[in-house]
Every structure is written in C-alpha cells, then in structure tokens.
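Text of the file final_27.txt, holding compact mmCIF, C-alpha atoms:
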```
# COMPACT_ATOMS: atom_id res chain seq x y z
CA MET A 1 -59.45 -5.55 23.05
CA ARG A 2 -55.80 -6.06 22.36
CA ILE A 3 -53.51 -3.28 23.44
CA GLY A 4 -50.39 -2.89 21.34
CA ARG A 5 -46.97 -2.58 22.82
CA PRO A 6 -46.09 1.09 23.44
CA ARG A 7 -43.49 2.49 21.12
CA ALA A 8 -40.10 3.42 22.44
CA LEU A 9 -39.23 7.08 22.81
CA ARG A 10 -36.74 6.89 19.96
CA SER A 11 -39.37 5.37 17.65
CA ARG A 12 -41.91 8.02 18.58
CA LEU A 13 -39.44 10.83 18.00
CA LEU A 14 -38.34 9.33 14.69
CA LEU A 15 -41.95 8.92 13.61
CA ALA A 16 -42.72 12.52 14.53
CA VAL A 17 -39.69 13.83 12.63
CA VAL A 18 -40.39 11.74 9.52
CA ALA A 19 -44.10 12.64 9.58
CA GLY A 20 -43.35 16.33 9.94
CA VAL A 21 -40.76 16.36 7.18
CA GLY A 22 -43.01 14.20 4.98
CA VAL A 23 -45.93 16.62 5.31
CA ALA A 24 -43.63 19.56 4.57
CA LEU A 25 -42.21 17.82 1.48
CA VAL A 26 -45.69 16.91 0.18
CA LEU A 27 -46.81 20.52 0.53
CA LEU A 28 -43.62 21.70 -1.16
CA VAL A 29 -44.10 19.29 -4.09
CA VAL A 30 -47.75 20.27 -4.50
CA VAL A 31 -47.02 23.99 -4.38
CA PHE A 32 -44.08 23.63 -6.77
CA ASN A 33 -46.09 21.68 -9.33
CA VAL A 34 -49.10 24.03 -9.09
CA ILE A 35 -46.87 27.05 -9.68
CA LEU A 36 -45.05 25.26 -12.51
CA ALA A 37 -48.36 24.31 -14.19
CA ALA A 38 -49.63 27.89 -13.94
CA THR A 39 -46.36 29.22 -15.35
CA LEU A 40 -46.37 26.79 -18.28
CA ALA A 41 -50.01 27.55 -19.04
CA ASN A 42 -49.28 31.28 -19.06
CA ASP A 43 -46.24 30.71 -21.32
CA ALA A 44 -48.36 28.68 -23.78
CA ASP A 45 -51.03 31.39 -23.85
CA GLU A 46 -48.42 34.10 -24.42
CA ILE A 47 -46.94 32.16 -27.33
CA ALA A 48 -50.38 31.51 -28.86
CA ARG A 49 -51.26 35.20 -28.44
CA ALA A 50 -47.98 36.25 -30.09
CA ARG A 51 -48.58 33.91 -33.01
CA ALA A 52 -52.11 35.27 -33.48
CA GLU A 53 -50.68 38.81 -33.56
CA ALA A 54 -48.05 37.72 -36.07
CA GLU A 55 -50.70 36.02 -38.23
CA LEU A 56 -52.87 39.12 -38.06
CA ALA A 57 -49.97 41.23 -39.29
CA THR A 58 -49.70 39.12 -42.47
CA LEU A 59 -53.35 39.61 -43.47
CA THR A 60 -54.70 42.34 -45.78
CA VAL A 61 -58.06 43.95 -45.08
CA ILE A 62 -59.84 45.80 -47.92
CA GLY A 63 -63.02 47.37 -46.66
CA ASP A 64 -64.77 44.53 -44.93
CA VAL A 65 -62.96 41.84 -46.90
CA VAL A 66 -60.02 39.89 -45.48
CA VAL A 67 -57.50 38.87 -48.14
CA VAL A 68 -55.18 35.92 -47.53
CA ASP A 69 -52.03 35.70 -49.63
CA ALA A 70 -52.33 32.61 -51.75
CA ASP A 71 -48.56 32.09 -51.79
CA ARG A 72 -48.34 31.99 -47.94
CA THR A 73 -47.28 28.67 -46.49
CA LEU A 74 -49.83 27.04 -44.16
CA ALA A 75 -48.79 26.50 -40.59
CA SER A 76 -47.83 23.07 -39.42
CA THR A 77 -50.11 20.90 -37.36
CA ASP A 78 -48.09 21.77 -34.23
CA THR A 79 -48.95 25.46 -34.71
CA PRO A 80 -52.34 25.45 -36.49
CA THR A 81 -53.94 28.73 -37.60
CA TRP A 82 -57.50 29.52 -38.72
CA VAL A 83 -58.68 32.65 -40.48
CA PHE A 84 -62.43 33.32 -40.51
CA SER A 85 -64.29 36.15 -42.27
CA GLY A 86 -67.97 36.58 -42.98
CA GLY A 87 -68.74 33.09 -41.75
CA ARG A 88 -66.28 31.57 -44.21
CA THR A 89 -63.04 29.77 -43.45
CA LEU A 90 -60.24 31.48 -45.34
CA GLU A 91 -57.45 29.36 -43.95
CA ALA A 92 -57.33 26.19 -41.87
CA PRO A 93 -54.84 23.47 -40.97
CA PRO A 94 -55.38 19.81 -41.88
CA PRO A 95 -58.86 18.87 -40.64
CA ASP A 96 -59.39 17.61 -37.09
CA PRO A 97 -63.10 17.55 -36.26
CA ARG A 98 -62.83 18.40 -32.54
CA ILE A 99 -60.24 21.11 -32.95
CA ASP A 100 -62.01 22.57 -36.01
CA ALA A 101 -65.27 22.74 -34.09
CA ALA A 102 -63.58 24.49 -31.16
CA ALA A 103 -61.87 27.00 -33.47
CA ARG A 104 -65.18 27.76 -35.30
CA ALA A 105 -66.83 28.31 -31.92
CA LEU A 106 -64.30 31.09 -31.21
CA ASP A 107 -65.25 32.92 -34.46
CA GLY A 108 -67.22 36.05 -33.75
CA GLY A 109 -66.51 36.05 -30.03
CA PRO A 110 -64.20 38.26 -27.94
CA GLU A 111 -60.48 37.67 -27.58
CA ARG A 112 -60.11 34.59 -25.47
CA SER A 113 -58.31 31.23 -25.08
CA VAL A 114 -59.47 27.61 -24.74
CA ASP A 115 -57.77 24.19 -24.44
CA VAL A 116 -58.89 21.30 -26.63
CA ASP A 117 -57.14 17.98 -26.05
CA GLU A 118 -53.46 18.95 -26.18
CA ILE A 119 -54.01 22.15 -28.26
CA HIS A 120 -54.22 25.63 -26.78
CA LEU A 121 -56.32 27.99 -28.98
CA HIS A 122 -56.28 31.78 -28.83
CA ALA A 123 -58.80 33.88 -30.81
CA ARG A 124 -57.95 37.43 -32.00
CA PRO A 125 -60.59 39.60 -33.71
CA ILE A 126 -59.79 41.20 -37.11
CA THR A 127 -61.06 44.78 -37.33
CA SER A 128 -61.13 47.50 -39.98
CA ASP A 129 -61.92 51.07 -38.96
CA GLY A 130 -63.33 49.76 -35.70
CA VAL A 131 -65.56 47.26 -37.43
CA ARG A 132 -64.98 43.55 -36.92
CA VAL A 133 -64.51 41.73 -40.21
CA GLY A 134 -63.07 38.37 -39.11
CA THR A 135 -61.21 36.27 -36.57
CA VAL A 136 -57.72 34.78 -36.36
CA VAL A 137 -57.38 31.65 -34.23
CA SER A 138 -53.86 30.48 -33.45
CA GLY A 139 -53.09 27.22 -31.74
CA ILE A 140 -50.08 25.75 -29.96
CA SER A 141 -49.43 22.17 -28.96
CA LEU A 142 -49.47 21.55 -25.21
CA ALA A 143 -47.63 18.23 -25.48
CA PRO A 144 -44.19 19.69 -24.56
CA TYR A 145 -45.71 21.56 -21.60
CA ASN A 146 -47.59 18.51 -20.39
CA ARG A 147 -44.44 16.44 -20.72
CA THR A 148 -42.53 19.06 -18.74
CA ARG A 149 -45.18 19.00 -15.99
CA ALA A 150 -45.12 15.20 -15.84
CA ILE A 151 -41.32 15.12 -15.65
CA ALA A 152 -41.32 17.81 -12.98
CA LEU A 153 -43.96 15.95 -10.94
CA ILE A 154 -42.07 12.65 -11.12
CA ALA A 155 -38.70 14.29 -10.45
CA SER A 156 -39.97 16.36 -7.52
CA SER A 157 -41.73 13.31 -6.03
CA LEU A 158 -38.59 11.19 -6.34
CA LEU A 159 -36.51 14.01 -4.87
CA ALA A 160 -38.95 14.30 -1.97
CA LEU A 161 -38.73 10.55 -1.34
CA ILE A 162 -34.93 10.69 -1.43
CA VAL A 163 -34.87 13.67 0.93
CA LEU A 164 -37.39 11.98 3.25
CA SER A 165 -35.32 8.77 3.28
CA ALA A 166 -32.14 10.73 3.97
CA VAL A 167 -33.86 12.65 6.78
CA ALA A 168 -35.19 9.39 8.27
CA VAL A 169 -31.74 7.75 8.20
CA ALA A 170 -30.00 10.85 9.56
CA SER A 171 -32.65 11.36 12.25
CA ALA A 172 -32.45 7.72 13.32
CA ALA A 173 -28.67 7.99 13.59
CA MET A 174 -28.81 11.27 15.52
CA LEU A 175 -31.56 10.03 17.85
CA ARG A 176 -29.65 6.82 18.46
CA ALA A 177 -26.50 8.79 19.28
CA ALA A 178 -28.39 11.33 21.40
CA LEU A 179 -30.33 8.70 23.39
CA ARG A 180 -27.44 6.23 23.72
CA PRO A 181 -26.41 7.75 27.09
CA VAL A 182 -30.00 7.37 28.33
CA ALA A 183 -30.05 3.72 27.24
CA ARG A 184 -26.69 3.18 28.94
CA MET A 185 -27.91 4.82 32.14
CA THR A 186 -31.06 2.68 32.07
CA ALA A 187 -29.02 -0.51 31.64
CA ASP A 188 -26.58 0.55 34.38
CA ALA A 189 -29.38 1.40 36.80
CA ALA A 190 -31.06 -1.97 36.12
CA ALA A 191 -27.75 -3.81 36.65
CA TRP A 192 -26.93 -2.13 39.94
CA SER A 193 -28.18 -3.84 43.05
CA GLU A 194 -28.81 -2.58 46.54
CA SER A 195 -25.32 -3.63 47.56
CA ASP A 196 -23.72 -1.56 44.81
CA LEU A 197 -23.94 1.81 46.54
CA ASP A 198 -20.89 3.45 44.97
CA SER A 199 -21.66 3.14 41.24
CA ARG A 200 -22.52 6.42 39.51
CA PHE A 201 -23.22 7.53 35.96
CA ALA A 202 -20.29 9.98 36.05
CA ALA A 203 -21.28 11.87 32.89
CA GLY A 204 -18.99 14.77 33.72
CA PRO A 205 -19.89 18.42 34.33
CA PRO A 206 -23.49 19.15 33.27
CA HIS A 207 -23.57 20.89 29.87
CA ASP A 208 -26.78 19.59 28.26
CA GLU A 209 -30.05 17.88 29.14
CA ILE A 210 -28.55 14.37 29.28
CA THR A 211 -25.60 15.31 31.50
CA ARG A 212 -27.87 17.37 33.75
CA LEU A 213 -30.15 14.33 34.06
CA ALA A 214 -27.13 12.15 34.90
CA ALA A 215 -25.94 14.67 37.50
CA THR A 216 -29.42 14.81 39.05
CA LEU A 217 -29.65 11.01 39.17
CA ASP A 218 -26.15 10.83 40.67
CA GLY A 219 -27.28 13.21 43.42
CA LEU A 220 -30.38 11.12 43.98
CA LEU A 221 -28.26 7.97 44.18
CA ASP A 222 -25.96 9.70 46.68
CA ARG A 223 -28.92 10.50 48.90
CA LEU A 224 -30.34 6.98 48.56
CA ALA A 225 -26.94 5.46 49.34
CA ALA A 226 -26.59 7.72 52.37
CA GLY A 227 -30.05 6.68 53.55
CA MET A 228 -29.23 2.97 53.10
CA ARG A 229 -25.94 3.40 54.93
CA ARG A 230 -27.73 5.14 57.79
CA GLU A 231 -30.27 2.33 57.90
CA ARG A 232 -27.56 -0.33 58.00
CA ARG A 233 -25.59 1.63 60.57
CA LEU A 234 -28.70 2.01 62.68
CA THR A 235 -29.35 -1.73 62.49
CA ALA A 236 -25.78 -2.48 63.50
CA GLU A 237 -25.89 0.05 66.32
CA VAL A 238 -29.20 -1.32 67.60
CA SER A 239 -27.68 -4.80 67.67
CA HIS A 240 -24.55 -3.51 69.34
CA GLU A 241 -26.40 -1.43 71.93
CA LEU A 242 -28.90 -4.12 72.88
CA ARG A 243 -26.50 -7.07 72.93
CA THR A 244 -24.77 -6.15 76.22
CA PRO A 245 -27.84 -5.47 78.43
CA LEU A 246 -29.64 -8.49 77.03
CA ALA A 247 -26.61 -10.65 77.77
CA GLN A 248 -26.43 -9.25 81.29
CA ILE A 249 -30.15 -9.94 81.90
CA THR A 250 -29.79 -13.48 80.57
CA ALA A 251 -26.73 -14.11 82.74
CA GLU A 252 -28.48 -12.81 85.88
CA VAL A 253 -31.55 -14.98 85.20
CA ASP A 254 -29.42 -18.09 84.58
CA LEU A 255 -27.36 -17.41 87.70
CA ALA A 256 -30.46 -16.86 89.84
CA MET A 257 -32.10 -20.05 88.60
CA ARG A 258 -29.05 -22.22 88.98
CA ARG A 259 -29.75 -22.83 92.71
CA ASP A 260 -31.93 -21.55 95.45
CA ARG A 261 -30.77 -18.29 96.95
CA ALA A 262 -31.66 -16.02 99.81
CA PRO A 263 -34.35 -13.39 99.22
CA GLU A 264 -31.71 -10.67 99.39
CA ASP A 265 -29.75 -12.32 96.55
CA TYR A 266 -32.89 -12.51 94.44
CA ARG A 267 -33.56 -8.84 95.15
CA GLN A 268 -30.07 -7.91 94.01
CA ALA A 269 -30.44 -10.03 90.86
CA LEU A 270 -33.78 -8.41 90.10
CA GLU A 271 -32.25 -4.97 90.60
CA ARG A 272 -29.50 -5.79 88.12
CA ILE A 273 -32.13 -7.11 85.68
CA ARG A 274 -34.06 -3.89 86.19
CA GLU A 275 -30.92 -1.90 85.47
CA GLY A 276 -30.43 -3.85 82.26
CA ALA A 277 -34.05 -3.26 81.26
CA ASP A 278 -33.64 0.45 82.01
CA ARG A 279 -30.54 0.48 79.83
CA ILE A 280 -32.50 -1.17 76.99
CA GLU A 281 -35.25 1.43 77.43
CA ARG A 282 -32.70 4.25 77.32
CA THR A 283 -31.18 2.73 74.20
CA VAL A 284 -34.56 2.63 72.48
CA GLU A 285 -35.27 6.21 73.53
CA THR A 286 -31.85 7.22 72.24
CA LEU A 287 -32.53 5.58 68.88
CA MET A 288 -35.82 7.45 68.66
CA ALA A 289 -34.05 10.69 69.50
CA THR A 290 -31.47 9.91 66.82
CA ALA A 291 -34.25 9.33 64.31
CA ARG A 292 -35.67 12.73 65.20
CA GLN A 293 -32.21 14.25 64.78
CA GLU A 294 -31.86 12.77 61.28
CA SER A 295 -35.40 13.71 60.21
CA LEU A 296 -36.89 17.12 59.56
CA LEU A 297 -38.41 17.26 63.05
CA PRO A 298 -37.20 20.03 65.39
CA ARG A 299 -34.02 19.07 67.18
CA GLY A 300 -33.79 19.12 70.97
CA ALA A 301 -31.01 20.15 73.36
CA GLY A 302 -29.49 18.61 76.44
CA ASP A 303 -26.93 19.11 79.19
CA ALA A 304 -23.72 17.31 78.26
CA ALA A 305 -22.47 17.20 81.86
CA ASP A 306 -25.62 15.48 83.10
CA ALA A 307 -25.46 12.94 80.29
CA ALA A 308 -21.78 12.26 80.96
CA ALA A 309 -22.46 11.84 84.70
CA ARG A 310 -25.12 9.20 83.97
CA VAL A 311 -22.73 7.35 81.66
CA VAL A 312 -19.98 7.36 84.33
CA ALA A 313 -22.44 6.07 86.92
CA ALA A 314 -23.65 3.31 84.59
CA CYS A 315 -20.07 2.21 83.81
CA GLU A 316 -18.76 2.20 87.38
CA PRO A 317 -19.69 -1.49 87.94
CA LEU A 318 -17.78 -2.44 84.78
CA GLY A 319 -14.81 -0.35 85.93
CA ALA A 320 -14.86 -1.96 89.37
CA GLN A 321 -14.93 -5.37 87.69
CA HIS A 322 -11.69 -4.51 85.83
CA GLY A 323 -10.12 -2.63 88.72
CA VAL A 324 -10.45 0.76 87.01
CA ARG A 325 -11.41 4.02 88.74
CA LEU A 326 -13.66 6.44 86.81
CA GLU A 327 -13.24 10.18 87.23
CA MET A 328 -15.25 13.04 85.83
CA ALA A 329 -14.49 16.71 85.27
CA ALA A 330 -17.26 19.14 84.28
CA PRO A 331 -17.63 22.94 84.22
CA GLU A 332 -19.52 24.63 87.02
CA GLY A 333 -22.02 26.31 84.72
CA PRO A 334 -24.41 24.70 82.23
CA SER A 335 -23.01 22.80 79.27
CA ARG A 336 -25.90 22.85 76.82
CA ALA A 337 -25.41 20.86 73.62
CA GLY A 338 -27.48 21.02 70.44
CA VAL A 339 -28.60 17.37 70.76
CA GLU A 340 -30.73 15.50 73.26
CA GLU A 341 -29.09 13.93 76.27
CA GLN A 342 -30.02 10.41 75.16
CA VAL A 343 -27.99 10.92 71.98
CA ILE A 344 -25.00 12.11 73.99
CA GLU A 345 -25.27 9.04 76.23
CA ARG A 346 -25.44 6.68 73.24
CA ILE A 347 -22.36 8.26 71.71
CA LEU A 348 -20.38 8.37 74.95
CA GLN A 349 -21.24 5.09 76.68
CA PRO A 350 -19.57 2.62 74.24
CA ILE A 351 -16.37 4.69 74.38
CA VAL A 352 -16.32 4.73 78.20
CA GLU A 353 -17.08 1.00 78.34
CA ASN A 354 -14.24 0.31 75.94
CA ALA A 355 -11.90 2.45 78.07
CA CYS A 356 -12.89 0.53 81.22
CA ARG A 357 -12.06 -2.77 79.55
CA PHE A 358 -8.58 -1.76 78.40
CA ALA A 359 -7.46 0.87 80.95
CA THR A 360 -4.80 0.01 83.52
CA ALA A 361 -6.15 1.91 86.53
CA ARG A 362 -7.95 5.12 85.56
CA VAL A 363 -10.51 6.50 83.10
CA ARG A 364 -11.23 10.22 83.01
CA VAL A 365 -14.31 11.78 81.34
CA ALA A 366 -14.05 15.56 80.84
CA VAL A 367 -16.74 17.97 79.65
CA GLY A 368 -15.60 21.35 78.36
CA THR A 369 -17.23 24.45 76.89
CA ASP A 370 -15.82 27.26 74.76
CA GLU A 371 -16.99 29.65 72.04
CA ARG A 372 -17.20 26.77 69.54
CA GLY A 373 -19.55 24.63 71.63
CA VAL A 374 -19.34 21.66 74.00
CA SER A 375 -16.55 19.07 73.94
CA LEU A 376 -16.46 15.58 75.48
CA GLU A 377 -13.14 13.84 76.10
CA VAL A 378 -12.49 10.28 77.32
CA ALA A 379 -8.92 9.48 78.38
CA ASP A 380 -7.49 6.31 79.92
CA ASP A 381 -4.05 4.94 80.80
CA GLY A 382 -4.42 1.84 78.64
CA PRO A 383 -2.34 0.78 75.62
CA GLY A 384 -4.28 3.03 73.21
CA VAL A 385 -5.33 2.43 69.60
CA ALA A 386 -3.04 1.81 66.65
CA ASP A 387 -2.88 4.68 64.18
CA GLU A 388 -4.29 2.64 61.31
CA ASP A 389 -7.32 1.64 63.41
CA ARG A 390 -8.38 5.08 64.70
CA GLU A 391 -11.02 5.54 62.01
CA ALA A 392 -12.18 1.92 61.77
CA ILE A 393 -13.02 1.54 65.48
CA PHE A 394 -15.97 3.90 65.09
CA GLU A 395 -17.72 1.51 62.71
CA PRO A 396 -20.46 -0.50 64.48
CA GLY A 397 -19.40 -4.01 65.43
CA THR A 398 -15.73 -3.40 64.63
CA ARG A 399 -13.13 -4.99 66.91
CA ARG A 400 -9.39 -4.32 66.95
CA GLU A 401 -6.48 -5.45 69.09
CA PRO A 402 -4.99 -2.86 71.46
CA ALA A 403 -1.83 -1.10 70.29
CA GLY A 404 1.21 -3.26 70.97
CA GLY A 405 -0.90 -6.44 71.15
```
This entry written out as structure tokens:
Amino acid sequence: MRIGRPRALRSRLLLAVVAGVGVALVLLVVVFNVILAATLANDADEIARARAEAELATLTVIGDVVVVDADRTLASTDTPTWVFSGGRTLEAPPPDPRIDAAARALDGGPERSVDVDEIHLHARPITSDGVRVGTVVSGISLAPYNRTRAIALIASSLLALIVLSAVAVASAAMLRAALRPVARMTADAAAWSESDLDSRFAAGPPHDEITRLAATLDGLLDRLAAGMRRERRLTAEVSHELRTPLAQITAEVDLAMRRDRAPEDYRQALERIREGADRIERTVETLMATARQESLLPRGAGDAADAAARVVAACEPLGAQHGVRLEMAAPEGPSRAGVEEQVIERILQPIVENACRFATARVRVAVGTDERGVSLEVADDGPGVADEDREAIFEPGTRREPAGG
C-alpha cells in the first residue's frame, strides 16, 4: 500500500479553513434559497387569492344563479380566471387542456391552491345566503417567480464561490505570514551546526505563540550550548590533568630502562611511578566528583585546608626543582567548603604548579574563612600575569608569556 506524503501544517490549516467556510457558505446558500422559494410561493398565492376575491366581487348572484357580465373583458393568459356554476363553465381563458382540467377539478371543493406547470391556481367558493352556487378559480403565472429563484440561486452560488476564493487567498496569505517565522526558525536550526553555539532566533520579547516558542527554543539552545561547552571543557581538562603524570611516568620508565641501576634506584623510580599513578587516580576521582557536582546528585563537602595541604605536598618536588620554597597558612579551626576535597585539589593544583614554575623564590598558599565562606589564595614573587591575560589563563590548555616577557 502506498502511503502519501503528509501534508504540511500550512496546507492542513488552509484546507481546514476552506472546508469550514465552504460548508458554512453551502448551508447559507441552501437556507437562503429555501426561504426565498417559500416567500415567493406565498407571494404568488396571496396575489392569486386577491385576484379571486376581486373576480368574485364583479359577479352577480341571483338566487342560485351566477350572472357574468357579458361586456366584461376576459383575463389574459398570464392571469387566467374560471367561473363555474351548476357544473357549467361561465367563463374561461383560452383553452389549455392540462390547466383546464386542473381548474375543473377545483370546482365544488373547498378553498385551496394548486400548481400546474408554471400556473398557480386558487379556488374560491361562490355562496349565496350560505349556500354554495359556484366557484371562482384565479390563476397566476409562476414564470417570473421561477426566474427570480433561478437568478437568486445562480447569484448566491457565484457569490459563495467568490467569497470562498477570497477566503482561501486571504487565509493562505495570512497563514504564510503567520508561519513564516516558524519556517525561518526551522531553516536556521537546520543550518546551524554543533560548532555554531552562539546563534539564536532572537525574536524579541515574547508577545505571542511564535515569539514564546522562539524564546523557549533560545533557552533550550542556551542549555545545550552550556552542556556542550562543559563537555569540551571537561575533555580539555582531562587531557590537561592527565598529560603531566603520564609524562612523568613515561620519563621515569625510560630513565630506568636506559641502563642497569641499583635496586635502590629502581625502588625510587617505582615510587615516583606510583606517585604519578596515584595522581592519575586522584584526577579521575576529581572528575567524577565534578560530574556529581554538575549533576542533580547531592553535593558533598570537604576541608579546604586538608586539600590545600595535599596540593602543597604534591608540588614540593616541582618547587625544589625550580628552587622555590612553598609555604602554607591555614586557620586553626575547620575550613569546611561546599565541594568535595578532590574538586578543591583539581582547582588548586594547576595554579600552584604554575606558580612554582614562574616564582623567583617563594610560593604561599593561604586558606581563610569568614562569614561569606572559605577562600583560597595563591601568591608568588614571580613576574605575574599581564592584565589582558588574566581571564584567558583559566581556559584549559591556554598558555601565555609572563608579564614583562
């Protein structure tokens, strides 16, 4: 079975509007023509009745005899009149077998009306002292009324078609204008790639359904862009955090394998490799803690002073290599922070390592507490960072020259 291509939203809406208006117009045309036909039929009957009354007024009744004035002019064929009395026809229009037969059938019956071809006949009894002595039948041509009904039907149908066409054109234009922003947003969203994180629909302040949709999608794109940036930052930070210990382990292995060494030298090399492996393990644990921090899982807490002390101890070999002395200042009481200690270490260690590389003789790590929370400060006597680079150096993998070269 072949499945047709689904219609677009604009086509479905246009079809629904045109169908609804079309049904309404058809009902309107039908009702209008039915009412018009009933009105014209009633008008024709009223005219035929009035003519029968007028004809009756011109007749003379003597006893049970109806007398017709011989000098009276016969009615035209458009308004035929019959006068019957005692089974005889006293007056009749030019003969027409069907109409004559219908008029004779009305003789002797009650007051009533019938239609024969395009002639409407109305019968009116003739009475004298309460006794029926004859019948007057007056007719009226229905041709003008039928012509009026036909013209009205054609005109109303044409008007309905014109109105329906105008509604279809206007609806198509309005739907196209109303859905143009949606089409533009669809095209823009399809054109944007994963690298285009800053493009937005920018439909302005929400004031209708389309702008509210655009604002909602902009918010969704903001969250998606933030998630992608966090993912890229995490990838860069993982690479940055693991590069140094892996390089140290590789260097120790290459140095140990370069020539035979004493058992004590191998032990020291293995200890340094173990330290590098422990640092990799701490980095992985820190990344997992960071993931918990950024998710909806409950956040942990840690002692900032203990985390800072471990960072200072881990960086002392690097400081000794560069001839730099590390100092630490911490409060006597607890310094509880609202993040896990592994996160504090991951934040603090790259800064302390960078200070050890560029300091002249001293690096000081200070932990402080006040009513606002816990603060961590790293100070060194090196050349410092240029003002224009103070924000950029916190990007993963970013390198800058010290201030003053």
- Item | Test item: residues at most 10 Å from A:Val352, all atoms listed in the file, excluding those fewer than 3 positions along its chain, as a list of chain:residue names | A:Ala308, A:Val311, A:Val312, A:Ala314, A:Cys315, A:Glu316, A:Leu318, A:Gly319, A:Leu326, A:Ile347, A:Leu348, A:Gln349, A:Ala355, A:Cys356, A:Arg357, A:Val363, A:Arg364, A:Val365, A:Glu377, A:Val378, A:Ala379, A:Asp380
Please dump the current selection as a PDB file, keeping the file's coordinate frame; keep C-alpha atoms.
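What ended up in result.pdb:
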```
ATOM      1  CA  ALA A 308     -21.780  12.260  80.960  1.00  0.00           C
ATOM      2  CA  VAL A 311     -22.730   7.350  81.660  1.00  0.00           C
ATOM      3  CA  VAL A 312     -19.980   7.360  84.330  1.00  0.00           C
ATOM      4  CA  ALA A 314     -23.650   3.310  84.590  1.00  0.00           C
ATOM      5  CA  CYS A 315     -20.070   2.210  83.810  1.00  0.00           C
ATOM      6  CA  GLU A 316     -18.760   2.200  87.380  1.00  0.00           C
ATOM      7  CA  LEU A 318     -17.780  -2.440  84.780  1.00  0.00           C
ATOM      8  CA  GLY A 319     -14.810  -0.350  85.930  1.00  0.00           C
ATOM      9  CA  LEU A 326     -13.660   6.440  86.810  1.00  0.00           C
ATOM     10  CA  ILE A 347     -22.360   8.260  71.710  1.00  0.00           C
ATOM     11  CA  LEU A 348     -20.380   8.370  74.950  1.00  0.00           C
ATOM     12  CA  GLN A 349     -21.240   5.090  76.680  1.00  0.00           C
ATOM     13  CA  ALA A 355     -11.900   2.450  78.070  1.00  0.00           C
ATOM     14  CA  CYS A 356     -12.890   0.530  81.220  1.00  0.00           C
ATOM     15  CA  ARG A 357     -12.060  -2.770  79.550  1.00  0.00           C
ATOM     16  CA  VAL A 363     -10.510   6.500  83.100  1.00  0.00           C
ATOM     17  CA  ARG A 364     -11.230  10.220  83.010  1.00  0.00           C
ATOM     18  CA  VAL A 365     -14.310  11.780  81.340  1.00  0.00           C
ATOM     19  CA  GLU A 377     -13.140  13.840  76.100  1.00  0.00           C
ATOM     20  CA  VAL A 378     -12.490  10.280  77.320  1.00  0.00           C
ATOM     21  CA  ALA A 379      -8.920   9.480  78.380  1.00  0.00           C
ATOM     22  CA  ASP A 380      -7.490   6.310  79.920  1.00  0.00           C
TER      23      ASP A 380
END
```
- Message: With distances taken over all atoms listed in the file, which residue among A:Arg372, A:Ala160, A:Asp198, A:Arg10 lies nearest A:Arg180?
- Response: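 That would be A:Arg10, the residue with the smallest distance to A:Arg180.
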- Query: Which is closer to A:Ala320 than all the others in A:Ala361, A:Leu158, A:Ile47, A:Ala178, using all atoms listed in the file?
  - Reply: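 The shortest atom-to-atom distance to A:Ala320 comes from A:Ala361.
Distances here use all atoms listed in the file; by that measure, the residue among A:Gly130, A:Leu13, A:Arg243, A:Thr283 closest to A:Ala168 is A:Leu13.
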- Item | Pick from A:Arg12, A:Arg132, A:Arg147, A:Arg200 nearest to A:Leu175, counting only C-alpha atoms |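 For A:Leu175, the nearest of the given residues is A:Arg12.
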- 7 Å contact set for A:Leu376, all atoms listed in the file, chain neighbours under 2 positions out, as a list in words: Ala366, Val367, Gly368, Val374 and Val378 of chain A
- Item | Within 7 Å of file point (-58.0, 35.0, -40.7), counting all atoms listed in the file, expressed as a ChimeraX atom specification | /A:82-85,90-91,134-136
- Out of A:Arg124, A:Asp117, A:Ala277, A:Val167, which residue has the shortest atom-to-atom distance to A:Ala16 when counting all atoms listed in the file?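 Of all the options, A:Val167 lies closest to A:Ala16.
Nearest residue to A:Ala152, choosing from A:Ser165, A:Val18, A:Glu264, A:Val29 and counting all atoms listed in the file: A:Val29.
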- Tell me, in Å to one decimal, how far atom CA of A:Ile99 is from atom CA of A:Val116.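 Rounded to one decimal, the two atoms are 6.5 Å apart.
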